[in-house]
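Trainee: File name run-v9.txt; file contents compact mmCIF, C-alpha atoms; full text below.
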# COMPACT_ATOMS: atom_id res chain seq x y z
CA MET X 24 74.13 127.81 127.01
CA PRO X 25 72.81 125.59 129.81
CA ARG X 26 69.27 126.30 130.85
CA LYS X 27 66.90 124.81 133.31
CA ARG X 28 63.23 124.74 132.52
CA THR X 29 60.39 123.36 134.51
CA LYS X 30 56.71 123.97 134.41
CA LYS X 31 54.20 122.36 136.72
CA ARG X 32 50.44 122.60 136.73
CA LYS X 33 48.82 120.80 139.56
CA ASN X 34 45.73 121.52 141.63
CA GLU X 35 45.46 125.10 140.43
CA GLN X 36 49.10 125.72 141.17
CA ILE X 37 51.35 127.19 138.61
CA THR X 38 55.10 127.24 138.82
CA ASP X 39 57.30 128.83 136.27
CA GLU X 40 60.98 128.90 136.84
CA GLU X 41 64.10 129.43 134.90
CA THR X 42 67.61 130.32 135.75
CA LEU X 43 69.98 131.81 133.27
CA PRO X 44 73.63 131.45 134.08
CA SER X 45 75.24 134.27 135.98
CA THR X 46 78.09 133.55 138.37
CA PRO X 47 78.23 130.09 139.92
CA LYS X 48 78.05 131.56 143.42
CA GLU X 49 74.94 133.58 142.59
CA ASP X 50 73.37 130.54 140.99
CA GLU X 51 74.08 128.49 144.06
CA GLU X 52 72.60 131.14 146.37
CA THR X 53 69.49 131.46 144.22
CA GLU X 54 69.04 127.70 144.04
CA THR X 55 69.41 127.43 147.81
CA LEU X 56 66.76 130.11 148.28
CA LYS X 57 64.44 128.39 145.82
CA ALA X 58 64.82 125.13 147.70
CA LYS X 59 63.95 126.90 150.94
CA LEU X 60 60.96 128.57 149.30
CA GLU X 61 59.75 125.22 147.95
CA SER X 62 59.86 123.89 151.48
CA ILE X 63 58.08 126.95 152.87
CA LYS X 64 55.46 126.73 150.13
CA ASN X 65 54.30 123.40 151.53
CA SER X 66 52.97 125.12 154.63
CA PRO X 67 49.20 125.38 154.29
CA GLU X 68 49.22 129.05 155.26
CA VAL X 69 51.53 130.04 152.40
CA ILE X 70 49.56 131.34 149.42
CA GLY X 71 52.44 131.92 147.06
CA TYR X 72 55.83 133.42 146.53
CA ILE X 73 57.86 135.45 144.05
CA ILE X 74 61.62 135.42 143.79
CA ARG X 75 63.23 137.80 141.33
CA ASN X 76 66.69 138.90 140.43
CA SER X 77 67.98 140.83 137.46
CA ARG X 78 67.92 137.80 135.19
CA SER X 79 65.37 135.33 136.45
CA ALA X 80 62.06 135.08 138.22
CA THR X 81 60.09 132.31 139.86
CA ILE X 82 56.44 132.68 140.74
CA ASP X 83 54.33 130.17 142.55
CA ALA X 84 50.79 131.02 143.48
CA LYS X 85 47.93 128.78 144.52
CA ASP X 86 45.59 131.13 142.66
CA PRO X 87 47.23 131.92 139.29
CA THR X 88 44.67 134.61 138.52
CA LYS X 89 46.19 136.76 141.27
CA ILE X 90 49.80 136.54 140.10
CA ILE X 91 49.80 140.00 138.50
CA ASP X 92 48.21 141.56 141.58
CA TYR X 93 50.74 139.83 143.83
CA ALA X 94 53.64 140.95 141.65
CA ILE X 95 52.49 144.56 141.53
CA LEU X 96 51.74 144.77 145.24
CA SER X 97 55.08 143.25 146.22
CA SER X 98 57.12 145.50 143.95
CA SER X 99 55.12 148.58 145.04
CA THR X 100 55.68 147.69 148.69
CA ILE X 101 59.41 147.16 148.21
CA GLU X 102 59.66 150.43 146.27
CA MET X 103 57.76 152.30 148.97
CA ALA X 104 59.99 150.85 151.71
CA GLU X 105 63.14 151.79 149.79
CA LYS X 106 61.99 155.38 149.36
CA LEU X 107 61.01 155.76 153.01
CA THR X 108 64.14 154.18 154.48
CA GLU X 109 66.20 156.45 152.24
CA ALA X 110 64.24 159.55 153.25
CA PHE X 111 64.52 158.73 156.95
CA GLN X 112 68.14 157.59 156.57
CA LEU X 113 67.46 154.19 158.07
CA GLY X 114 69.76 152.19 155.83
CA THR X 115 68.69 149.20 153.78
CA ALA X 116 65.28 147.66 154.35
CA GLU X 117 65.85 144.09 155.54
CA LYS X 118 62.30 142.93 156.06
CA ILE X 119 58.89 144.31 155.13
CA ILE X 120 55.64 142.92 156.45
CA LEU X 121 52.33 144.14 155.09
CA GLU X 122 49.28 142.83 156.91
CA GLY X 123 45.95 143.01 155.18
CA GLU X 124 42.48 141.99 156.24
CA ASN X 125 42.77 138.62 154.52
CA ALA X 126 46.45 137.96 153.94
CA LYS X 127 50.00 139.02 154.69
CA LEU X 128 52.97 139.87 152.54
CA LEU X 129 56.55 139.30 153.67
CA SER X 130 59.21 140.90 151.47
CA LEU X 131 62.96 140.74 151.86
CA SER X 132 66.13 140.94 149.85
CA ILE X 133 68.88 138.36 150.06
CA ASN X 134 71.91 139.28 148.01
CA ASN X 135 70.50 140.17 144.59
CA ASN X 136 67.29 138.24 145.09
CA SER X 137 64.08 140.02 145.92
CA ILE X 138 61.68 137.65 147.68
CA SER X 139 58.00 138.13 148.44
CA ILE X 140 55.89 135.57 150.24
CA PHE X 141 52.12 135.83 150.49
CA THR X 142 50.51 134.03 153.40
CA GLU X 143 47.20 133.61 155.13
CA LYS X 144 46.53 136.11 157.88
CA ASN X 145 47.33 133.64 160.66
CA ALA X 146 50.80 132.78 159.36
CA ASP X 147 53.89 133.43 161.47
CA THR X 148 55.94 135.59 159.10
CA ASN X 149 58.85 135.83 161.54
CA LYS X 150 59.15 132.05 161.49
CA ILE X 151 59.16 132.09 157.69
CA TYR X 152 61.72 134.89 157.67
CA LYS X 153 64.05 132.93 159.95
CA LYS X 154 63.82 129.92 157.67
CA LEU X 155 65.00 132.03 154.75
CA ILE X 156 67.97 133.87 156.26
CA MET W 25 32.03 172.74 165.71
CA ILE W 26 35.62 171.64 166.03
CA ASP W 27 37.44 172.27 162.81
CA GLU W 28 40.30 170.35 161.28
CA GLU W 29 42.86 172.68 162.82
CA ILE W 30 41.79 171.73 166.33
CA TYR W 31 41.73 168.06 165.39
CA SER W 32 45.21 168.41 164.06
CA PHE W 33 46.37 170.25 167.18
CA ALA W 34 44.93 167.60 169.51
CA LEU W 35 46.44 164.77 167.48
CA LYS W 36 49.79 166.53 167.27
CA ASN W 37 49.87 166.74 171.05
CA ALA W 38 48.98 163.06 171.31
CA LEU W 39 51.79 162.17 168.90
CA THR W 40 54.26 164.30 170.81
CA GLU W 41 53.20 162.52 174.01
CA ILE W 42 53.87 159.15 172.39
CA GLY W 43 57.36 160.42 171.58
CA ASN W 44 57.81 161.50 175.20
CA ILE W 45 56.64 158.15 176.57
CA CYS W 46 58.61 156.03 174.09
CA SER W 47 62.10 157.40 173.73
CA ASP W 48 62.74 155.09 170.78
CA VAL W 49 60.20 156.97 168.66
CA LYS W 50 61.99 159.35 166.34
CA LEU W 51 58.93 160.87 164.73
CA SER W 52 55.32 160.13 163.93
CA PHE W 53 52.50 161.41 161.81
CA ILE W 54 48.90 160.59 160.93
CA PHE W 55 47.52 160.53 157.42
CA ASN W 56 44.60 159.18 155.52
CA GLN W 57 44.37 156.94 152.49
CA ASP W 58 43.62 159.90 150.25
CA GLY W 59 47.12 161.22 150.91
CA LYS W 60 46.12 163.97 153.32
CA VAL W 61 48.31 164.70 156.36
CA LEU W 62 46.11 164.93 159.44
CA ALA W 63 48.75 165.58 162.08
CA VAL W 64 52.51 165.59 162.49
CA ASP W 65 54.52 165.62 165.69
CA ALA W 66 57.02 168.37 166.38
CA ARG W 67 59.97 166.36 165.04
CA SER W 68 58.31 165.52 161.73
CA THR W 69 58.54 169.09 160.55
CA ASP W 70 62.06 168.45 159.28
CA TYR W 71 60.64 166.13 156.64
CA ASN W 72 58.37 166.57 153.68
CA VAL W 73 55.69 164.31 155.11
CA GLU W 74 53.26 164.84 152.23
CA ARG W 75 55.85 163.56 149.82
CA MET W 76 56.48 160.53 152.05
CA ILE W 77 52.78 159.74 152.11
CA SER W 78 52.58 159.79 148.33
CA ASN W 79 54.76 156.65 148.41
CA PHE W 80 51.89 154.75 150.01
CA GLU W 81 49.41 155.61 147.27
CA GLU W 82 50.21 152.70 145.00
CA VAL W 83 50.45 150.24 147.88
CA PHE W 84 46.98 151.21 149.08
CA GLU W 85 45.68 150.98 145.54
CA LYS W 86 47.05 147.50 144.98
CA SER W 87 46.43 146.12 148.45
CA HIS W 88 42.96 144.83 147.58
CA VAL W 89 44.58 141.47 146.86
CA VAL W 90 45.31 141.07 150.61
CA GLY W 91 42.17 142.87 151.77
CA GLY W 92 43.57 146.37 152.21
CA VAL W 93 46.31 147.56 154.56
CA ASN W 94 46.03 146.92 158.29
CA SER W 95 49.68 147.53 159.01
CA ILE W 96 53.08 147.79 157.39
CA THR W 97 56.36 147.22 159.22
CA VAL W 98 59.67 147.98 157.58
CA ASP W 99 62.72 146.66 159.42
CA ALA W 100 65.78 148.54 158.22
CA LYS W 101 69.38 148.42 159.36
CA LYS W 102 69.13 151.58 161.43
CA GLY W 103 65.50 151.66 162.43
CA LYS W 104 61.90 150.72 161.78
CA ILE W 105 58.91 152.28 160.09
CA ILE W 106 55.58 151.17 161.48
CA VAL W 107 52.32 152.10 159.80
CA SER W 108 49.12 151.11 161.57
CA ASN W 109 45.50 151.50 160.66
CA ILE W 110 43.90 153.49 163.49
CA GLY W 111 40.55 154.30 161.97
CA GLU W 112 38.60 154.13 158.75
CA LYS W 113 41.29 154.77 156.12
CA VAL W 114 43.36 156.63 158.74
CA TYR W 115 46.94 155.56 159.46
CA LEU W 116 49.56 156.29 162.08
CA ALA W 117 53.15 156.17 160.85
CA THR W 118 55.95 155.91 163.38
CA VAL W 119 59.68 155.93 162.74
CA THR W 120 61.62 154.32 165.56
CA ASN W 121 64.98 152.99 166.59
CA ARG W 122 65.74 149.44 165.58
CA ASN W 123 65.37 148.00 169.08
CA VAL W 124 62.06 149.63 169.95
CA ASP W 125 59.76 147.71 172.27
CA MET W 126 57.08 147.01 169.70
CA LYS W 127 54.50 145.73 172.18
CA TYR W 128 54.82 148.82 174.35
CA LEU W 129 54.69 151.16 171.39
CA GLU W 130 51.71 149.35 169.91
CA THR W 131 49.88 149.46 173.23
CA VAL W 132 50.54 153.16 173.64
CA SER W 133 49.78 154.21 170.09
CA ARG W 134 46.81 151.91 169.57
CA VAL W 135 45.23 153.15 172.77
CA LEU W 136 46.19 156.80 172.89
CA ILE W 137 45.45 157.90 169.33
CA PRO W 138 42.10 156.12 168.91
CA THR W 139 41.07 157.46 172.34
CA VAL W 140 41.87 161.00 171.27
CA LEU W 141 40.03 160.45 168.01
CA LYS W 142 36.97 159.10 169.79
CA LEU W 143 36.99 161.99 172.23
CA LEU W 144 37.18 164.49 169.43
CA GLU W 145 34.42 162.74 167.55
CA LYS W 146 32.20 162.84 170.64
CA MET W 147 32.92 166.48 171.31
CA ALA W 148 32.10 167.49 167.77
CA PRO W 149 31.85 165.06 164.93
CA ALA W 150 33.91 166.90 162.37
CA PRO W 151 35.00 164.52 159.67
CA LEU W 152 38.64 163.59 159.48
CA LYS W 153 38.18 162.37 155.99
CA LYS W 154 37.41 164.85 153.33
CA PRO W 155 36.21 163.77 149.96
CA SER W 156 39.21 162.84 147.94
CA ILE W 157 40.45 165.65 145.75
CA LYS W 158 42.29 163.28 143.54
CA GLU W 159 40.08 161.65 140.99
CA LYS W 160 41.32 158.26 140.14
CA THR W 161 42.54 158.50 136.64
CA VAL W 162 41.66 155.69 134.40
CA SER W 163 44.69 154.68 132.47
CA VAL W 164 43.90 155.16 128.86
CA GLU W 165 45.42 152.51 126.73
CA GLU W 166 47.52 153.66 123.92
CA GLU W 167 45.32 151.97 121.38
CA THR W 168 42.32 154.18 122.15
CA THR W 169 44.22 157.40 121.56
CA GLU W 170 46.33 156.48 118.64
CA LYS W 171 43.34 155.35 116.57
CA GLU W 172 45.38 152.78 114.86
CA GLU W 173 43.65 150.54 112.46
CA GLU W 174 43.49 146.96 113.45
CA GLU W 175 46.13 145.04 111.69
CA LYS W 176 45.27 141.62 110.53
CA GLU W 177 48.84 140.60 110.26
CA SER W 178 50.08 138.31 112.98
CA PRO W 179 53.61 138.05 114.22
CA GLU W 180 55.67 135.14 113.15
CA ILE W 181 55.29 132.12 115.36
CA PHE W 182 58.14 129.66 115.45
CA SER W 183 57.97 126.12 116.66
CA SER W 184 60.29 125.09 119.45
CA ASN W 185 62.46 123.06 117.11
CA GLU W 186 63.23 125.88 114.73
CA GLU W 187 66.53 127.57 115.14
CA ILE W 188 66.26 131.18 116.09
CA GLU W 189 68.62 133.05 113.89
CA THR W 190 68.74 136.13 116.00
CA GLU W 191 69.88 134.47 119.20
CA THR W 192 73.42 135.11 120.27
CA PRO W 193 74.94 134.45 123.67
CA GLN W 194 75.50 138.16 124.29
CA ILE W 195 71.87 139.16 123.87
CA PRO W 196 70.33 140.05 127.22
CA THR W 197 67.24 138.17 128.28
CA ASN W 198 64.61 139.06 130.85
CA GLN W 199 61.83 137.01 132.33
CA LEU W 200 58.63 138.98 132.44
CA ILE W 201 55.11 138.39 133.70
CA VAL W 202 52.46 138.34 131.01
CA ASP W 203 49.65 140.86 131.16
CA THR W 204 47.15 140.94 128.33
CA PHE W 205 45.38 143.72 126.53
CA GLY W 206 42.88 143.77 123.74
CA GLY W 207 40.52 145.86 121.70
CA LEU W 208 39.54 146.51 118.15
CA LEU W 209 42.29 149.00 117.48
CA VAL W 210 45.10 147.04 119.04
CA ARG W 211 48.04 146.16 116.85
CA GLN W 212 48.41 142.43 117.16
CA ASP W 213 52.10 142.47 116.33
CA THR W 214 53.20 144.86 119.05
CA VAL W 215 53.95 144.16 122.69
CA LYS W 216 54.74 146.65 125.41
CA ILE W 217 57.48 146.41 128.00
CA ASP W 218 59.13 148.64 130.56
CA ASN W 219 61.08 151.48 129.01
CA GLU W 220 63.84 150.86 131.55
CA ILE W 221 64.41 147.38 130.15
CA LEU W 222 64.52 148.76 126.61
CA SER W 223 67.07 151.36 127.70
CA GLN W 224 69.19 148.70 129.39
CA TRP W 225 69.14 146.59 126.26
CA SER W 226 70.04 149.59 124.11
CA GLU W 227 72.97 150.26 126.37
CA VAL W 228 74.18 146.66 126.49
CA LEU W 229 73.85 146.21 122.73
CA ASP W 230 75.04 149.72 121.94
CA ARG W 231 71.98 150.45 119.82
CA LYS W 232 69.89 153.56 119.71
CA ASP W 233 66.53 151.80 119.71
CA ILE W 234 65.16 148.34 120.26
CA ASN W 235 62.22 147.92 117.93
CA MET W 236 61.75 144.17 117.85
CA VAL W 237 61.71 141.56 120.57
CA GLU W 238 61.56 137.83 120.68
CA ILE W 239 59.23 136.17 123.15
CA GLU W 240 59.78 132.59 124.21
CA THR W 241 57.26 130.65 126.24
CA PHE W 242 58.07 127.81 128.60
CA GLU W 243 56.43 125.45 126.11
CA GLY W 244 59.13 126.47 123.63
CA LYS W 245 56.99 128.61 121.34
CA THR W 246 58.60 131.79 120.17
CA ALA W 247 57.39 134.90 118.40
CA GLN W 248 59.07 137.97 117.08
CA CYS W 249 57.13 141.17 117.29
CA LYS W 250 57.43 144.90 117.50
CA VAL W 251 57.90 146.49 120.88
CA LYS W 252 56.87 149.75 122.44
CA PRO W 253 57.45 151.07 125.95
CA ILE W 254 54.66 150.83 128.50
CA LYS W 255 53.29 154.32 129.00
CA ASP W 256 51.54 153.66 132.32
CA SER W 257 54.12 154.80 134.89
CA LYS W 258 52.44 152.66 137.53
CA LEU W 259 53.58 149.55 135.69
CA SER W 260 57.17 150.75 135.56
CA GLY W 261 59.67 148.38 137.15
CA LYS W 262 57.06 145.69 137.73
CA GLY W 263 58.58 143.14 135.37
CA ILE W 264 55.49 143.00 133.18
CA ILE W 265 55.08 142.50 129.45
CA LYS W 266 51.77 143.50 127.91
CA ILE W 267 50.87 141.16 125.08
CA PRO W 268 47.80 141.43 122.81
CA GLU W 269 45.22 138.76 123.60
CA LYS W 270 45.36 137.26 120.11
CA LEU W 271 49.11 136.87 120.33
CA CYS W 272 48.69 135.22 123.73
CA ASP W 273 46.32 132.73 122.11
CA LEU W 274 48.83 132.03 119.37
CA LEU W 275 51.59 131.46 121.90
CA ASP W 276 49.24 129.52 124.16
CA ILE W 277 50.03 131.64 127.19
CA LYS W 278 47.81 133.25 129.78
CA LYS W 279 47.91 136.33 131.97
CA GLY W 280 50.25 135.81 134.90
CA GLU W 281 52.55 133.32 133.21
CA LEU W 282 56.23 134.00 132.72
CA VAL W 283 57.90 134.37 129.33
CA ARG W 284 61.45 135.01 128.34
CA VAL W 285 61.96 138.18 126.32
CA ARG W 286 65.03 139.34 124.48
CA PRO W 287 65.75 141.96 121.85
CA ALA W 288 65.54 140.57 118.34
CA ILE W 289 68.59 141.63 116.38
CA SER W 290 68.86 140.62 112.78
CA LYS W 291 72.19 139.52 111.39
CA GLU W 292 72.28 142.51 109.07
CA ASP W 293 72.22 144.78 112.09
Spit out the file's structure as structure tokens when you get a sec.

Mentor:
Amino acid sequence: MPRKRTKKRKNEQITDEETLPSTPKEDEETETLKAKLESIKNSPEVIGYIIRNSRSATIDAKDPTKIIDYAILSSSTIEMAEKLTEAFQLGTAEKIILEGENAKLLSLSINNNSISIFTEKNADTNKIYKKLI
Amino acid sequence: MIDEEIYSFALKNALTEIGNICSDVKLSFIFNQDGKVLAVDARSTDYNVERMISNFEEVFEKSHVVGGVNSITVDAKKGKIIVSNIGEKVYLATVTNRNVDMKYLETVSRVLIPTVLKLLEKMAPAPLKKPSIKEKTVSVEEETTEKEEEEKESPEIFSSNEEIETETPQIPTNQLIVDTFGGLLVRQDTVKIDNEILSQWSEVLDRKDINMVEIETFEGKTAQCKVKPIKDSKLSGKGIIKIPEKLCDLLDIKKGELVRVRPAISKED
């Protein structure tokens, strides 16, 4: 069973990633998204990101102590958006932006991948969104 | 003294006016962070607004990591939901068409509603926020209620080179984020994961219960241990595995790291 494993620890960054084989097309899409996220991550205003699908997850956060908080907030936000769009019959949620006092969260779904990107408050989330889709 | 009813009436009129000015607004309502509905426009009455607001509870609770919630915008295929902070822990929610002029709507709503609020406050400073009825419940960890004796036994730790007998290609695997827990009465050989995952595994493997799991770290260390479902409903669907601190030390993993988790099925099974 082919597996890809990498783990990086550098300057308080932690990256864990693994992809288990699903369909080749899904793999390709996920890998493309990960490459885009890696590029986006290099922007100074990006604090971290989470990409999850049913089989794999990749988390990259500049402050590893906040990973759990990031994960819970992003999944709670996505869940909330799903419930509201269903209740108001607005169809699928394509993009969610949560702005806080110190940071922003951009969440979106591309195919089976749920993506959340945490940025500094001054970041242009629309620009980041366009890079991903 | 102006009571809440008059506040609500004045705000309802303001919301209805926003709907009249912006034809793209389908409905709007105002609520506070404690889950109390302060005002709804005429069109919101078709919906159970209180139930909608309950969906924000967890987001508000967890938003400390970004400094609280200033605004939330949900872009959906057939419309938008815009939630804006318009006062101390007070939010305006607006449901609009997809192509709404956001700048116009923001200008109208961010001017009109706070102006009405200020006017009402000046006329008679009745509080919009009541003390929260809901007491935040502290999640009680299973170990404190079950009064289990601390078990000295540790789960088996395998080195990365050892062959894992239980692994088969068909066994489902999930990547989960590590969260730790500890205490004197904690069983060191038991981890907790989402009941939904356990159910999925049971279904896939056609087994009634999954009692053991195998955890594999990215350094290649593996451990087999007992598993129980996470009882805290707030952690449901979050992709988290709760691992006792001592086991984390043995596996050399920390809170926030990812591990691969699969059901451990013995050959006899």

Trainee: Wanna dump the chain W-chain X contacts at 8 Å for me, each residue with its shortest atom pair and the distance in Å to one decimal, counting all atoms listed in the file, ordered by chain and number, as JSON lines?

Mentor:
{"residue": "W:Met76", "atom": "CA", "partner": "X:Leu107", "partner_atom": "CA", "distance": 6.6}
{"residue": "W:Asn79", "atom": "CA", "partner": "X:Met103", "partner_atom": "CA", "distance": 5.3}
{"residue": "W:Phe80", "atom": "CA", "partner": "X:Met103", "partner_atom": "CA", "distance": 6.4}
{"residue": "W:Glu82", "atom": "CA", "partner": "X:Ser99", "partner_atom": "CA", "distance": 6.4}
{"residue": "W:Val83", "atom": "CA", "partner": "X:Ser99", "partner_atom": "CA", "distance": 5.7}
{"residue": "W:Lys86", "atom": "CA", "partner": "X:Leu96", "partner_atom": "CA", "distance": 5.4}
{"residue": "W:Ser87", "atom": "CA", "partner": "X:Leu96", "partner_atom": "CA", "distance": 6.4}
{"residue": "W:Val89", "atom": "CA", "partner": "X:Asp92", "partner_atom": "CA", "distance": 6.4}
{"residue": "W:Val90", "atom": "CA", "partner": "X:Ala126", "partner_atom": "CA", "distance": 4.7}
{"residue": "W:Gly91", "atom": "CA", "partner": "X:Glu124", "partner_atom": "CA", "distance": 4.6}
{"residue": "W:Gly92", "atom": "CA", "partner": "X:Gly123", "partner_atom": "CA", "distance": 5.1}
{"residue": "W:Val93", "atom": "CA", "partner": "X:Gly123", "partner_atom": "CA", "distance": 4.6}
{"residue": "W:Asn94", "atom": "CA", "partner": "X:Gly123", "partner_atom": "CA", "distance": 5.0}
{"residue": "W:Ser95", "atom": "CA", "partner": "X:Glu122", "partner_atom": "CA", "distance": 5.2}
{"residue": "W:Ile96", "atom": "CA", "partner": "X:Leu121", "partner_atom": "CA", "distance": 4.4}
{"residue": "W:Thr97", "atom": "CA", "partner": "X:Ile120", "partner_atom": "CA", "distance": 5.2}
{"residue": "W:Val98", "atom": "CA", "partner": "X:Ile119", "partner_atom": "CA", "distance": 4.5}
{"residue": "W:Asp99", "atom": "CA", "partner": "X:Lys118", "partner_atom": "CA", "distance": 5.0}
{"residue": "W:Ala100", "atom": "CA", "partner": "X:Ala116", "partner_atom": "CA", "distance": 4.0}
{"residue": "W:Lys101", "atom": "CA", "partner": "X:Gly114", "partner_atom": "CA", "distance": 5.2}
{"residue": "W:Lys102", "atom": "CA", "partner": "X:Leu113", "partner_atom": "CA", "distance": 4.6}
{"residue": "W:Gly103", "atom": "CA", "partner": "X:Leu113", "partner_atom": "CA", "distance": 5.4}
{"residue": "W:Lys104", "atom": "CA", "partner": "X:Leu113", "partner_atom": "CA", "distance": 7.5}
{"residue": "W:Ile105", "atom": "CA", "partner": "X:Thr108", "partner_atom": "CA", "distance": 7.9}
{"residue": "W:Pro193", "atom": "CA", "partner": "X:Met24", "partner_atom": "CA", "distance": 7.5}
{"residue": "W:Thr197", "atom": "CA", "partner": "X:Arg78", "partner_atom": "CA", "distance": 7.0}
{"residue": "W:Asn198", "atom": "CA", "partner": "X:Arg78", "partner_atom": "CA", "distance": 5.6}
{"residue": "W:Gln199", "atom": "CA", "partner": "X:Ser79", "partner_atom": "CA", "distance": 5.7}
{"residue": "W:Leu200", "atom": "CA", "partner": "X:Ala80", "partner_atom": "CA", "distance": 7.8}
{"residue": "W:Ile201", "atom": "CA", "partner": "X:Ile91", "partner_atom": "CA", "distance": 7.3}
{"residue": "W:Asp203", "atom": "CA", "partner": "X:Ile91", "partner_atom": "CA", "distance": 7.4}
{"residue": "W:Phe242", "atom": "CA", "partner": "X:Lys30", "partner_atom": "CA", "distance": 7.1}
{"residue": "W:Leu259", "atom": "CA", "partner": "X:Ile95", "partner_atom": "CA", "distance": 7.8}
{"residue": "W:Gly261", "atom": "CA", "partner": "X:Ser98", "partner_atom": "CA", "distance": 7.8}
{"residue": "W:Lys262", "atom": "CA", "partner": "X:Ile95", "partner_atom": "CA", "distance": 6.0}
{"residue": "W:Lys279", "atom": "CA", "partner": "X:Thr88", "partner_atom": "CA", "distance": 7.5}
{"residue": "W:Gly280", "atom": "CA", "partner": "X:Ile90", "partner_atom": "CA", "distance": 5.3}
{"residue": "W:Glu281", "atom": "CA", "partner": "X:Asp39", "partner_atom": "CA", "distance": 7.2}
{"residue": "W:Leu282", "atom": "CA", "partner": "X:Asp39", "partner_atom": "CA", "distance": 6.4}

Trainee: To one decimal place, how far is atom CA of X:Val69 from atom CA of W:Val283 in Å?

Mentor: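 Straight-line distance from atom CA of X:Val69 to atom CA of W:Val283 works out to 24.3 Å.
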
Trainee: With all atoms listed in the file as the basis for distance, which of W:Lys60, W:Arg122, W:Arg286, W:Lys142 is at the shortest distance from W:Val251?

Mentor: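 Residue with the minimum atom-to-atom distance to W:Val251: W:Arg286.
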
Trainee: Which residue gives the smallest distance to W:Gln57 among W:Glu130, W:Asp125, W:Glu238, W:Glu74, with all atoms listed in the file counted?

Mentor: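 Using all atoms listed in the file, the shortest distance to W:Gln57 belongs to W:Glu74.
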
Trainee: What does the distance between atom CA of W:Asp70 and atom CA of W:Asn123 come to in Å, to one decimal place?

Mentor: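 These two atoms are separated by 22.9 Å.
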
Trainee: Could you list, as a compact mmCIF listing (two decimals) with C-alpha atoms, in the frame of the given file, every residue within 10 Å of W:Phe205, counting all atoms listed in the file and ignoring same-chain residues fewer than 6 positions away?

Mentor:
# COMPACT_ATOMS: atom_id res chain seq x y z
CA GLU W 165 45.42 152.51 126.73
CA GLU W 167 45.32 151.97 121.38
CA GLN W 212 48.41 142.43 117.16
CA VAL W 215 53.95 144.16 122.69
CA LYS W 216 54.74 146.65 125.41
CA LYS W 266 51.77 143.50 127.91
CA ILE W 267 50.87 141.16 125.08
CA PRO W 268 47.80 141.43 122.81
CA GLU W 269 45.22 138.76 123.60
CA LYS W 270 45.36 137.26 120.11
CA LEU W 271 49.11 136.87 120.33
CA CYS W 272 48.69 135.22 123.73
CA LYS W 279 47.91 136.33 131.97

Trainee: Which distance in Å separates atom CA of W:Leu39 and atom CA of W:Phe84, to one decimal?

Mentor: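 Taking atom CA of W:Leu39 and atom CA of W:Phe84, their separation equals 23.2 Å.
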
Trainee: Scan for residues within 8 Å of the point (56.4, 129.3, 123.7) in the coordinates of the file, using only C-alpha atoms, and reply as a PyMOL selection string.

Mentor: chain W and resi 183-184+239-247+275-277+283

Trainee: So that I can see what lies close to W:Asn219, please list as a PDB file with C-alpha atoms, in the coordinates of the input the residues with an atom at most 7 Å from it, counting all atoms listed in the file and leaving out residues fewer than 3 positions away in the same chain.

Mentor:
ATOM      1  CA  LEU W 222      64.520 148.760 126.610  1.00  0.00           C
ATOM      2  CA  SER W 223      67.070 151.360 127.700  1.00  0.00           C
ATOM      3  CA  PRO W 253      57.450 151.070 125.950  1.00  0.00           C
ATOM      4  CA  ILE W 254      54.660 150.830 128.500  1.00  0.00           C
TER       5      ILE W 254
END

Trainee: Excluding W:Arg67 and its own-chain neighbours fewer than 3 positions away, which residues fall within 9 Å of it when counting all atoms listed in the file? Please give them as a list of chain:residue names.

Mentor: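 Residues near the query, excluding close chain neighbours: W:Thr40, W:Lys50, W:Leu51, W:Ser52, W:Val64, W:Asp70, W:Tyr71.
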
Trainee: Go ahead and save the residues from that selection, with C-alpha atoms, as a PDB file, in the coordinates of the input.

Mentor:
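again.pdb was written with the following content:
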ATOM      1  CA  THR W  40      54.260 164.300 170.810  1.00  0.00           C
ATOM      2  CA  LYS W  50      61.990 159.350 166.340  1.00  0.00           C
ATOM      3  CA  LEU W  51      58.930 160.870 164.730  1.00  0.00           C
ATOM      4  CA  SER W  52      55.320 160.130 163.930  1.00  0.00           C
ATOM      5  CA  VAL W  64      52.510 165.590 162.490  1.00  0.00           C
ATOM      6  CA  ASP W  70      62.060 168.450 159.280  1.00  0.00           C
ATOM      7  CA  TYR W  71      60.640 166.130 156.640  1.00  0.00           C
TER       8      TYR W  71
END

Trainee: Might you pull out every residue within 12 Å of X:Ile63, with all atoms listed in the file counted and same-chain residues fewer than 5 positions away left off, and present them as a PyMOL selection string?

Mentor: chain X and resi 56-58+68-72+83+140-142+146-148+150-155

Trainee: Any chance you could export the current selection's C-alpha atoms as a short mmCIF file (atom, residue, chain, number, x, y, z; two decimals), in the frame of the given file?

Mentor:
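Here's the written file selection_18.cif:
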data_model
loop_
_atom_site.label_atom_id
_atom_site.label_comp_id
_atom_site.auth_asym_id
_atom_site.auth_seq_id
_atom_site.Cartn_x
_atom_site.Cartn_y
_atom_site.Cartn_z
CA LEU X 56 66.76 130.11 148.28
CA LYS X 57 64.44 128.39 145.82
CA ALA X 58 64.82 125.13 147.70
CA GLU X 68 49.22 129.05 155.26
CA VAL X 69 51.53 130.04 152.40
CA ILE X 70 49.56 131.34 149.42
CA GLY X 71 52.44 131.92 147.06
CA TYR X 72 55.83 133.42 146.53
CA ASP X 83 54.33 130.17 142.55
CA ILE X 140 55.89 135.57 150.24
CA PHE X 141 52.12 135.83 150.49
CA THR X 142 50.51 134.03 153.40
CA ALA X 146 50.80 132.78 159.36
CA ASP X 147 53.89 133.43 161.47
CA THR X 148 55.94 135.59 159.10
CA LYS X 150 59.15 132.05 161.49
CA ILE X 151 59.16 132.09 157.69
CA TYR X 152 61.72 134.89 157.67
CA LYS X 153 64.05 132.93 159.95
CA LYS X 154 63.82 129.92 157.67
CA LEU X 155 65.00 132.03 154.75
#
